[in-house]
Structures are given as C-alpha cells and as structure tokens.
There are 2 protein chains.
Amino acid sequence: MSVQERKERERTDRERLIVATARELAEQQGWDAVTTRRLAEHIEYSQPVLYSHFRGKREIIGAVALEGAADMAAAVRAATSAAHGPRARVTALARTYLDFAARNPAVYDAMFRLDGGLAFAQEDTPEPLKDAFAALLESLGEVAGDGVHPGLFTEVFWAALHGLATLTRAGRLPPEYAEQRVELLVDRLAVV
Amino acid sequence: MSVQERKERERTDRERLIVATARELAEQQGWDAVTTRRLAEHIEYSQPVLYSHFRGKREIIGAVALEGAADMAAAVRAATSAAHGPRARVTALARTYLDFAARNPAVYDAMFRLDGGLAFAQEDTPEPLKDAFAALLESLGEVAGDGVHPGLFTEVFWAALHGLATLTRAGRLPPEYAEQRVELLVDRLAVV
DNA sequence: CTCGCTTGTCTAGCGGTGCTAGAATCGAAT
DNA sequence: ATTCGATTCTAGCACCGCTAGACAAGCGAG
C-alpha cells in the first residue's frame with residue numbers, strides 16, 4: 001500500500017502548491033492576473049490538472065480564503081494575548097486586523113470581497129472561518145457592555161473594521177488619518 | 001445649427017439609455033451578466049457604439065456609480081429632513097443607507113465594490129460623490145462630539161455602514177438582527 | 001437635384017478567459 | 001515484457017473586452 005500512500009502524499013503536496021502559488025500570484029499581481037493558464041504554468045502542469053483538485057477557479061479562491069482566515073486568526077490571537085487589559089486588547093485587535101488587510105490585500109479579497117463559494121454564518125461554515133470569528137469574539141466580547149449580546153457586538157465591530165479596510169484600500173478614505181479613525185472607533189464602541 | 005443640436009440631443013439620449021440599461025441589467029442579473037455584447041443588444045446597437053460613448057466597460061460602471069451616488073444623496077437627505085432631532089436624523093440616515101444598499105445592490109457595487117475608474121477623496125473627485133459624502137456629513141457632523149473632527153467622524157460612521165452593508169449582502173452576517181446592529185451602532189457612535 | 005465627403009455604424013476578428021472531451025502517455029501489477 | 005487502469009496533455013469550445021477597416025447614411029456645395 002506504500003505506492004498508494006506516496007501518490008496521495010504527492011497529490012496533497014501538489015494541492016498545497018496550487019493554493020500557495022495562487023496566493024502568491026494574487027498578492028503580487030492581483031487576482032485578475034491569476035488565470036488558470038498562468039497558474040498552471042507556474043506549477044508546471046497543464047490546466048486540466050487544476051480541475052482534478054478543484055471544481056474551478058472559485059474553489060481555488062475559497063482555499064486561499066480558508067488559509068487566510070487561519071492566518072488572520074493567529075495574528076489576532078498573538079496580538080491580543082500580548083496586550084494587557086480589555087481596552088488594550090481591543091485596540092491591538094483593531095490595528096492587527098487592519099494591518100493584516102493592508103499587508104495581504106489579495107488574501108483579504110479572497111476572504112471577503114470575492115466569491116469563494118464558501119458558506120458563512122451557517123452551520124456548514126468551514127471551521128477556519130468560524131474560528132476567525134471566534135478569535136475576534138474572544139477579545140470583543142469583553143467590551144460589549146451590559147445587556148448587549150457579545151456576538152452581535154462582535155459583528156458590528158467587525159463590520160466597522162471591514163468597512164475601514166475596504167474603503168481605505170479602494171482609495172475612498174485618505175490613509176493619513178487611519179490611526180485616528182481606529183482610536184475613535186475603539187473609544188466609542190468599546191465599553192471599558 | 002439645428003441639425004447639429006438634434007444630433008447632440010440624440011447622442012446624450014443614447015448615452016443615458018446605455019447607462020440606464022446597464023444599471024437595469026446589472027440589477028436584474030448581476031454585473032457579470034452585463035457584457036458589452038448583451039448591453040449592445042439591449043440598446044439595439046452594435047458593440048462599437050458603446051465605445052464611442054465610453055472608453056470601456058469600466059467607464060460605464062463609473063457612470064452608473066455617479067447616478068447611484070446622486071440617488072443615494074437624495075434618499076439620505078429626504079430621510080434626514082423628515083426626522084426631528086440629531087439622534088433621529090442619524091438613525092434615519094443609517095436605515096436609509098442600508099436600505100439603499102439592499103435595494104440597489106448592483107448600483108451599490110458600482111459605487112464601492114467595483115472599479116469604475118473614479119477618483120475618490122481627491123480634488124478631482126466627481127461632484128456627485130463629493131455631494132453624497134456631504135449629505136452624510138450634514139447629519140453626522142451634528143453628533144461627532146466635542147473635539148472630534150466632523151469629517152473624520154463621518155468617515156468612521158460611513159465605514160461602519162459600508163461594512164454592515166457589504167457583509168450582510170455577502171451572507172457574512174445573518175440578516176435577522178440587522179435592526180439591532182443599527183441601534184447599537186447609533187447608540188455607541190453618535191454623541192447625542 | 002446631384003454629387004462628393006464627412007460622419008456614423010456595422011461586420012469581422014484579435015487575443016484573452018474559464019473549462020472540458022478525448023487522445024496520449026505513464027507506471028504498477030502480472 | 002506486457003497489459004491495462006490511472007493520470008496528464010493537446011486541442012478546442014463558447015464567451016469575454018475591445019478595435020480595425022469596410023460600409024452606409026446624410027450633410028453642404030455646386
């Protein structure tokens with residue numbers, strides 16, 4: 001059975017290579033540049049090989065999104081666990097979130113702007129997505145305030161961060177006052 | 001000069017037809033369905049005619065976005081002017097904004113999600129966009145609170161609304177608690 | 001009223017996209 | 001060494017945004 005195991009291993013390796021290459025290519029030249037032809041060329045296989053791993057381009061975007069969600073959750077947890085006190089944790093969370101979106105625009109797009117064919121806010125939502133939301137909830141739930149459902153508060157705070165991230169990157173908000181916006185947001189929304 | 005005037009009038013009529021058709025088609029079947037071929041067929045001209053009015057598809061999206069910005073500004077002003085008191089105005093503004101995004105998803109996409117080739121937050125920003133922001137500022141500036149720049153406050157509030165609008169429509173936020181989210185947002189952000 | 005010319009529109013086509021059917025090749029087991 | 005199933009590739013489909021060059025319509029001049 002060793003032969004079969006080797007083949008399976010090679011397949012998962014190749015799948016990882018596809019996702020990593022797609023992410024890299026998207027980060028370097030934008031998602032528009034990630035065509036099935038270019039992607040196939042980069043991994044040194046022909047196009048149809050992609051379709052033996054994924055149903056189509058959308059699923060590849062979805063795979064990048066899941067990877068990104070795990071990364072973001074890790075980044076947020078690292079930042080919040082290094083901060084002392086609820087207020088400091090929330091500020092760190094907000095800065096880290098916006099920083100992640102700014103540094104990984106293609107991954108962020110895969111997660112929230114593009115259609116990766118993923119289920120959200122449902123029972124069959126993939127684990128990494130639920131966990132990323134949980135990472136936000138851990139720190140934001142502390143400052144929801146009395147009588148406010150932590151989940152609802154997290155949704156609102158997250159939406160505000162998402163709006164800042166997307167509008168800033170799309171050139172809709174001038175970048176120079178980014179820090180003041182974060183401070184205002186945390187000051188007003190969080191109940192310390 | 002009457003002949004030339006007639007031709008000019010016909011041209012602007014046709015341009016309006018193109019924009020209106022693009023908007024309609026996008027609203028009915030999504031922007032992916034708005035191809036230059038289909039659009040040309042709907043207006044009963046050949047494709048190249050589109051390019052005698054616009055540089056390309058992007059500019060058509062931009063034209064829809066400008067039209068949408070004017071519509072949104074009007075909707076917001078109508079709602080806020082019918083409300084009494086700063087707090088009521090802000091609530092009405094938030095509801096109207098989210099309602100507009102939900103009822104005109106394609107137009108909202110043209111304004112904020114797609115690339116319409118428009119300048120933002122700059123001097124050469126088209127008038128309708130500046131005016132739409134101004135419409136938000138008129139009511140939001142009242143509740144920015146002492147020592148907080150009204151423009152900055154408007155940006156943050158707008159970003160929060162934008163985040164709620166996009167995440168809700170993308171299925172990232174369950175729609176049933178939309179009203180509670182708005183109330184929480186207004187409660188916390190606005191200084192009455 | 002007719003002619004020439006400008007102006008406007010269309011047909012046809014380019015290089016690209018996501019995706020797939022069927023041919024060709026590889027490699028494991030006999 | 002040969003067979004045969006699994007794997008990969010070549011070639012192609014229908015569609016995309018966009019454009020060059022052929023064609024027709026309608027104007028002003030004679």
# chains A, B, ... in the order shown; residues from 1 in each chain; ligands from 1
$ select_by_dssp --residues "segment 53-147 of chain A" --states "alpha helix (DSSP H)" --output "PyMOL selection string"
chain A and resi 53+57-81+86-103+105-108+127-140
$ closest_atom_pairs --of "chain A" --to "chain D" --cutoff "10 Å" --atoms "only C-alpha atoms (C1' of nucleotides)" --output "Markdown table"
| residue | atom | partner | partner_atom | distance |
| --- | --- | --- | --- | --- |
| A:Tyr45 | CA | D:DT8 | C1' | 8.4 |
| A:Ser46 | CA | D:DC9 | C1' | 6.8 |
| A:Gln47 | CA | D:DC9 | C1' | 9.0 |
| A:Pro48 | CA | D:DT8 | C1' | 8.2 |
| A:Val49 | CA | D:DT8 | C1' | 7.4 |
$ interface_residues --of "chain C" --to "chain B" --cutoff "12 Å" --atoms "only C-alpha atoms (C1' of nucleotides)" --output "list in words"
DT7, DG8, DT9, DC10 and DT11 of chain C
$ interface_residues --of "chain B" --to "chain A" --cutoff "10 Å" --atoms "only C-alpha atoms" --output "MDAnalysis selection string"
chainID B and resid 112:115 118:122 148 152:153 155:168 170:175 177:178 180:182 184:191
$ atom_distance --atom1 "atom CA of Asp109 of chain B" --atom2 "atom CA of Trp31 of chain B"
8.6 Å
$ atom_distance --atom1 "atom CA of Ala94 of chain B" --atom2 "atom CA of Glu142 of chain B"
14.3 Å
$ atom_distance --atom1 "atom CA of Leu17 of chain B" --atom2 "atom CA of Asp32 of chain A"
29.4 Å
$ residues_around --residues "Thr96 of chain B" --least-positions-apart "2" --cutoff "8 Å" --atoms "only C-alpha atoms (C1' of nucleotides)" --output "ChimeraX atom specification"
/B:75-76,79,92-94,98-100
$ write_last_selection --atoms "N, CA and C atoms" --output "PDB file, in the first residue's frame"
ATOM      1  N   ALA B  75     -31.873  60.282  -1.361  1.00  0.00           N
ATOM      2  CA  ALA B  75     -32.604  59.442  -0.414  1.00  0.00           C
ATOM      3  C   ALA B  75     -32.235  59.790   1.023  1.00  0.00           C
ATOM      4  N   VAL B  76     -30.940  59.989   1.252  1.00  0.00           N
ATOM      5  CA  VAL B  76     -30.480  60.308   2.605  1.00  0.00           C
ATOM      6  C   VAL B  76     -31.036  61.662   3.048  1.00  0.00           C
ATOM      7  N   ALA B  79     -34.698  61.457   3.920  1.00  0.00           N
ATOM      8  CA  ALA B  79     -34.958  60.781   5.187  1.00  0.00           C
ATOM      9  C   ALA B  79     -34.569  61.652   6.377  1.00  0.00           C
ATOM     10  N   ALA B  92     -32.250  57.631  11.063  1.00  0.00           N
ATOM     11  CA  ALA B  92     -32.890  57.601   9.742  1.00  0.00           C
ATOM     12  C   ALA B  92     -31.838  57.466   8.645  1.00  0.00           C
ATOM     13  N   LEU B  93     -30.732  58.176   8.827  1.00  0.00           N
ATOM     14  CA  LEU B  93     -29.653  58.100   7.851  1.00  0.00           C
ATOM     15  C   LEU B  93     -29.118  56.682   7.722  1.00  0.00           C
ATOM     16  N   ALA B  94     -28.870  56.067   8.856  1.00  0.00           N
ATOM     17  CA  ALA B  94     -28.306  54.712   8.848  1.00  0.00           C
ATOM     18  C   ALA B  94     -29.268  53.730   8.183  1.00  0.00           C
ATOM     19  N   LEU B  98     -28.519  51.707   4.565  1.00  0.00           N
ATOM     20  CA  LEU B  98     -28.522  50.250   4.447  1.00  0.00           C
ATOM     21  C   LEU B  98     -29.654  49.775   3.548  1.00  0.00           C
ATOM     22  N   ASP B  99     -30.761  50.477   3.617  1.00  0.00           N
ATOM     23  CA  ASP B  99     -31.885  50.128   2.758  1.00  0.00           C
ATOM     24  C   ASP B  99     -31.536  50.350   1.287  1.00  0.00           C
ATOM     25  N   PHE B 100     -30.866  51.460   1.031  1.00  0.00           N
ATOM     26  CA  PHE B 100     -30.458  51.739  -0.346  1.00  0.00           C
ATOM     27  C   PHE B 100     -29.516  50.656  -0.868  1.00  0.00           C
TER      28      PHE B 100
END
$ residues_around --residues "segment 34-42 of chain A" --least-positions-apart "6" --cutoff "8 Å" --atoms "only C-alpha atoms (C1' of nucleotides)" --output "list in words"
Ile18, Thr21, Ala22, Leu25, Ala26, Val49, Leu50 and Lys57 of chain A; DT17 and DG18 of chain C
$ decode --residues "chain D" --atoms "N, CA and C atoms (P, O5', C5', C4', C3', O3' and C1' of nucleotides)" --output "short mmCIF file (atom, residue, chain, number, x, y, z; two decimals), in the first residue's frame"
data_model
loop_
_atom_site.label_atom_id
_atom_site.label_comp_id
_atom_site.auth_asym_id
_atom_site.auth_seq_id
_atom_site.Cartn_x
_atom_site.Cartn_y
_atom_site.Cartn_z
P DA D 1 12.49 -7.04 -20.51
"O5'" DA D 1 11.11 -7.47 -21.17
"C5'" DA D 1 11.06 -8.44 -22.18
"C4'" DA D 1 9.60 -8.74 -22.45
"C3'" DA D 1 8.87 -7.67 -23.27
"O3'" DA D 1 7.90 -8.33 -24.07
"C1'" DA D 1 7.94 -7.79 -21.08
P DT D 2 6.92 -7.57 -25.00
"O5'" DT D 2 5.60 -7.55 -24.09
"C5'" DT D 2 5.10 -8.79 -23.59
"C4'" DT D 2 3.74 -8.56 -22.95
"C3'" DT D 2 2.82 -7.59 -23.67
"O3'" DT D 2 1.50 -8.12 -23.65
"C1'" DT D 2 3.15 -6.87 -21.45
P DT D 3 0.33 -7.61 -24.55
"O5'" DT D 3 -0.78 -7.25 -23.44
"C5'" DT D 3 -1.05 -8.17 -22.39
"C4'" DT D 3 -1.60 -7.41 -21.20
"C3'" DT D 3 -2.76 -6.47 -21.51
"O3'" DT D 3 -3.86 -6.83 -20.69
"C1'" DT D 3 -1.16 -5.39 -20.16
P DC D 4 -5.38 -6.47 -21.06
"O5'" DC D 4 -5.72 -5.35 -19.98
"C5'" DC D 4 -5.30 -5.50 -18.62
"C4'" DC D 4 -5.29 -4.15 -17.95
"C3'" DC D 4 -6.37 -3.18 -18.44
"O3'" DC D 4 -6.93 -2.53 -17.34
"C1'" DC D 4 -4.29 -2.14 -18.55
P DG D 5 -8.50 -2.26 -17.22
"O5'" DG D 5 -8.55 -1.20 -16.02
"C5'" DG D 5 -7.93 -1.50 -14.77
"C4'" DG D 5 -7.15 -0.29 -14.28
"C3'" DG D 5 -7.96 1.01 -14.18
"O3'" DG D 5 -7.66 1.62 -12.94
"C1'" DG D 5 -6.01 1.37 -15.48
P DA D 6 -8.56 2.76 -12.32
"O5'" DA D 6 -7.48 3.92 -12.13
"C5'" DA D 6 -6.23 3.60 -11.53
"C4'" DA D 6 -5.22 4.69 -11.84
"C3'" DA D 6 -5.72 6.12 -11.63
"O3'" DA D 6 -4.73 6.84 -10.93
"C1'" DA D 6 -4.87 5.89 -13.82
P DT D 7 -4.98 8.29 -10.39
"O5'" DT D 7 -4.14 9.18 -11.42
"C5'" DT D 7 -2.77 8.86 -11.66
"C4'" DT D 7 -2.27 9.63 -12.87
"C3'" DT D 7 -2.56 11.14 -12.87
"O3'" DT D 7 -1.33 11.81 -12.92
"C1'" DT D 7 -3.01 10.19 -14.98
P DT D 8 -1.18 13.33 -12.58
"O5'" DT D 8 -0.93 13.98 -14.02
"C5'" DT D 8 0.14 13.50 -14.83
"C4'" DT D 8 -0.07 13.91 -16.26
"C3'" DT D 8 -0.37 15.39 -16.46
"O3'" DT D 8 0.72 16.00 -17.14
"C1'" DT D 8 -1.78 14.02 -17.79
P DC D 9 0.73 17.52 -17.54
"O5'" DC D 9 0.35 17.42 -19.09
"C5'" DC D 9 1.07 16.52 -19.92
"C4'" DC D 9 0.45 16.48 -21.31
"C3'" DC D 9 0.23 17.85 -21.93
"O3'" DC D 9 0.89 17.94 -23.18
"C1'" DC D 9 -1.78 16.56 -22.00
P DT D 10 0.98 19.35 -23.91
"O5'" DT D 10 0.08 19.15 -25.22
"C5'" DT D 10 0.05 17.89 -25.88
"C4'" DT D 10 -1.12 17.84 -26.87
"C3'" DT D 10 -1.36 19.11 -27.67
"O3'" DT D 10 -1.66 18.76 -29.02
"C1'" DT D 10 -3.32 18.57 -26.50
P DA D 11 -1.80 19.89 -30.15
"O5'" DA D 11 -3.37 20.11 -30.26
"C5'" DA D 11 -4.23 18.97 -30.33
"C4'" DA D 11 -5.67 19.42 -30.16
"C3'" DA D 11 -6.03 20.70 -30.92
"O3'" DA D 11 -7.15 20.44 -31.73
"C1'" DA D 11 -6.74 20.84 -28.66
P DG D 12 -7.75 21.57 -32.70
"O5'" DG D 12 -9.06 22.08 -31.94
"C5'" DG D 12 -10.02 21.12 -31.53
"C4'" DG D 12 -10.93 21.73 -30.51
"C3'" DG D 12 -11.55 23.05 -30.94
"O3'" DG D 12 -12.94 22.90 -31.10
"C1'" DG D 12 -10.84 23.08 -28.68
P DC D 13 -13.81 24.01 -31.84
"O5'" DC D 13 -14.95 24.31 -30.76
"C5'" DC D 13 -15.56 23.24 -30.04
"C4'" DC D 13 -16.21 23.81 -28.80
"C3'" DC D 13 -16.91 25.12 -29.04
"O3'" DC D 13 -18.32 25.00 -28.87
"C1'" DC D 13 -15.48 25.24 -27.11
P DA D 14 -19.27 26.03 -29.64
"O5'" DA D 14 -19.59 27.12 -28.54
"C5'" DA D 14 -20.03 26.71 -27.24
"C4'" DA D 14 -19.84 27.85 -26.26
"C3'" DA D 14 -20.37 29.21 -26.75
"O3'" DA D 14 -21.10 29.83 -25.71
"C1'" DA D 14 -18.12 29.42 -26.10
P DC D 15 -21.99 31.12 -25.98
"O5'" DC D 15 -21.15 32.32 -25.37
"C5'" DC D 15 -20.96 32.40 -23.96
"C4'" DC D 15 -19.71 33.15 -23.65
"C3'" DC D 15 -19.68 34.62 -24.02
"O3'" DC D 15 -20.22 35.42 -22.99
"C1'" DC D 15 -17.54 33.53 -24.24
P DC D 16 -20.41 37.02 -23.23
"O5'" DC D 16 -18.97 37.60 -22.90
"C5'" DC D 16 -18.48 37.52 -21.57
"C4'" DC D 16 -17.07 38.05 -21.51
"C3'" DC D 16 -16.88 39.43 -22.10
"O3'" DC D 16 -17.18 40.40 -21.11
"C1'" DC D 16 -15.12 37.97 -22.81
P DG D 17 -17.58 41.87 -21.52
"O5'" DG D 17 -16.20 42.57 -21.84
"C5'" DG D 17 -15.19 42.71 -20.84
"C4'" DG D 17 -13.96 43.33 -21.45
"C3'" DG D 17 -14.19 44.71 -22.06
"O3'" DG D 17 -13.09 45.56 -21.76
"C1'" DG D 17 -13.42 43.24 -23.73
P DC D 18 -13.12 47.12 -22.19
"O5'" DC D 18 -12.57 47.07 -23.70
"C5'" DC D 18 -11.29 46.47 -23.94
"C4'" DC D 18 -11.02 46.39 -25.43
"C3'" DC D 18 -11.28 47.66 -26.25
"O3'" DC D 18 -10.04 48.15 -26.73
"C1'" DC D 18 -12.02 45.71 -27.38
P DT D 19 -9.92 49.52 -27.53
"O5'" DT D 19 -9.87 49.02 -29.05
"C5'" DT D 19 -8.93 48.03 -29.42
"C4'" DT D 19 -8.97 47.79 -30.92
"C3'" DT D 19 -9.16 49.04 -31.79
"O3'" DT D 19 -8.39 48.85 -32.96
"C1'" DT D 19 -10.84 47.51 -32.30
P DA D 20 -7.62 50.12 -33.61
"O5'" DA D 20 -7.34 49.60 -35.10
"C5'" DA D 20 -6.89 48.25 -35.29
"C4'" DA D 20 -7.36 47.72 -36.63
"C3'" DA D 20 -7.36 48.73 -37.78
"O3'" DA D 20 -6.93 48.06 -38.96
"C1'" DA D 20 -9.56 47.91 -37.47
P DG D 21 -6.56 48.89 -40.27
"O5'" DG D 21 -7.75 48.54 -41.27
"C5'" DG D 21 -8.24 47.19 -41.32
"C4'" DG D 21 -9.60 47.18 -41.97
"C3'" DG D 21 -9.76 48.17 -43.15
"O3'" DG D 21 -10.56 47.55 -44.14
"C1'" DG D 21 -11.42 48.58 -41.57
P DA D 22 -10.71 48.20 -45.61
"O5'" DA D 22 -12.20 47.79 -46.02
"C5'" DA D 22 -12.62 46.44 -45.79
"C4'" DA D 22 -14.12 46.40 -45.60
"C3'" DA D 22 -14.92 47.05 -46.74
"O3'" DA D 22 -16.07 46.24 -47.02
"C1'" DA D 22 -15.46 48.11 -44.69
P DC D 23 -16.96 46.53 -48.34
"O5'" DC D 23 -18.16 47.43 -47.80
"C5'" DC D 23 -19.00 46.91 -46.78
"C4'" DC D 23 -19.83 48.03 -46.20
"C3'" DC D 23 -20.64 48.85 -47.21
"O3'" DC D 23 -22.01 48.55 -47.01
"C1'" DC D 23 -19.70 50.18 -45.47
P DA D 24 -23.12 49.02 -48.10
"O5'" DA D 24 -23.91 50.16 -47.32
"C5'" DA D 24 -24.43 49.89 -46.02
"C4'" DA D 24 -24.85 51.18 -45.34
"C3'" DA D 24 -25.76 52.08 -46.16
"O3'" DA D 24 -26.78 52.56 -45.30
"C1'" DA D 24 -23.84 53.29 -45.49
P DA D 25 -28.19 53.07 -45.89
"O5'" DA D 25 -28.43 54.36 -45.00
"C5'" DA D 25 -27.85 54.42 -43.70
"C4'" DA D 25 -27.53 55.86 -43.33
"C3'" DA D 25 -28.48 56.90 -43.95
"O3'" DA D 25 -28.81 57.84 -42.95
"C1'" DA D 25 -26.27 57.45 -44.47
P DG D 26 -30.16 58.70 -43.02
"O5'" DG D 26 -29.66 60.19 -42.83
"C5'" DG D 26 -28.55 60.44 -41.97
"C4'" DG D 26 -27.78 61.66 -42.44
"C3'" DG D 26 -28.67 62.74 -43.07
"O3'" DG D 26 -28.25 64.01 -42.61
"C1'" DG D 26 -26.92 62.21 -44.52
P DC D 27 -29.26 65.25 -42.58
"O5'" DC D 27 -28.30 66.51 -42.75
"C5'" DC D 27 -27.12 66.61 -41.94
"C4'" DC D 27 -25.95 67.10 -42.78
"C3'" DC D 27 -26.21 68.37 -43.58
"O3'" DC D 27 -25.71 69.49 -42.85
"C1'" DC D 27 -24.99 66.73 -44.85
P DG D 28 -25.94 70.98 -43.39
"O5'" DG D 28 -24.82 71.15 -44.52
"C5'" DG D 28 -23.45 71.25 -44.17
"C4'" DG D 28 -22.62 71.51 -45.42
"C3'" DG D 28 -22.93 72.84 -46.13
"O3'" DG D 28 -21.69 73.41 -46.59
"C1'" DG D 28 -23.34 71.03 -47.61
P DA D 29 -21.66 74.75 -47.46
"O5'" DA D 29 -21.31 74.21 -48.92
"C5'" DA D 29 -20.12 73.42 -49.10
"C4'" DA D 29 -19.92 73.08 -50.57
"C3'" DA D 29 -20.04 74.27 -51.51
"O3'" DA D 29 -19.08 74.14 -52.57
"C1'" DA D 29 -21.70 72.70 -52.06
P DG D 30 -18.82 75.35 -53.60
"O5'" DG D 30 -19.50 74.85 -54.94
"C5'" DG D 30 -18.96 73.72 -55.62
"C4'" DG D 30 -19.96 73.28 -56.69
"C3'" DG D 30 -20.31 74.38 -57.72
"O3'" DG D 30 -20.07 73.89 -59.04
"C1'" DG D 30 -22.28 73.39 -56.83
#
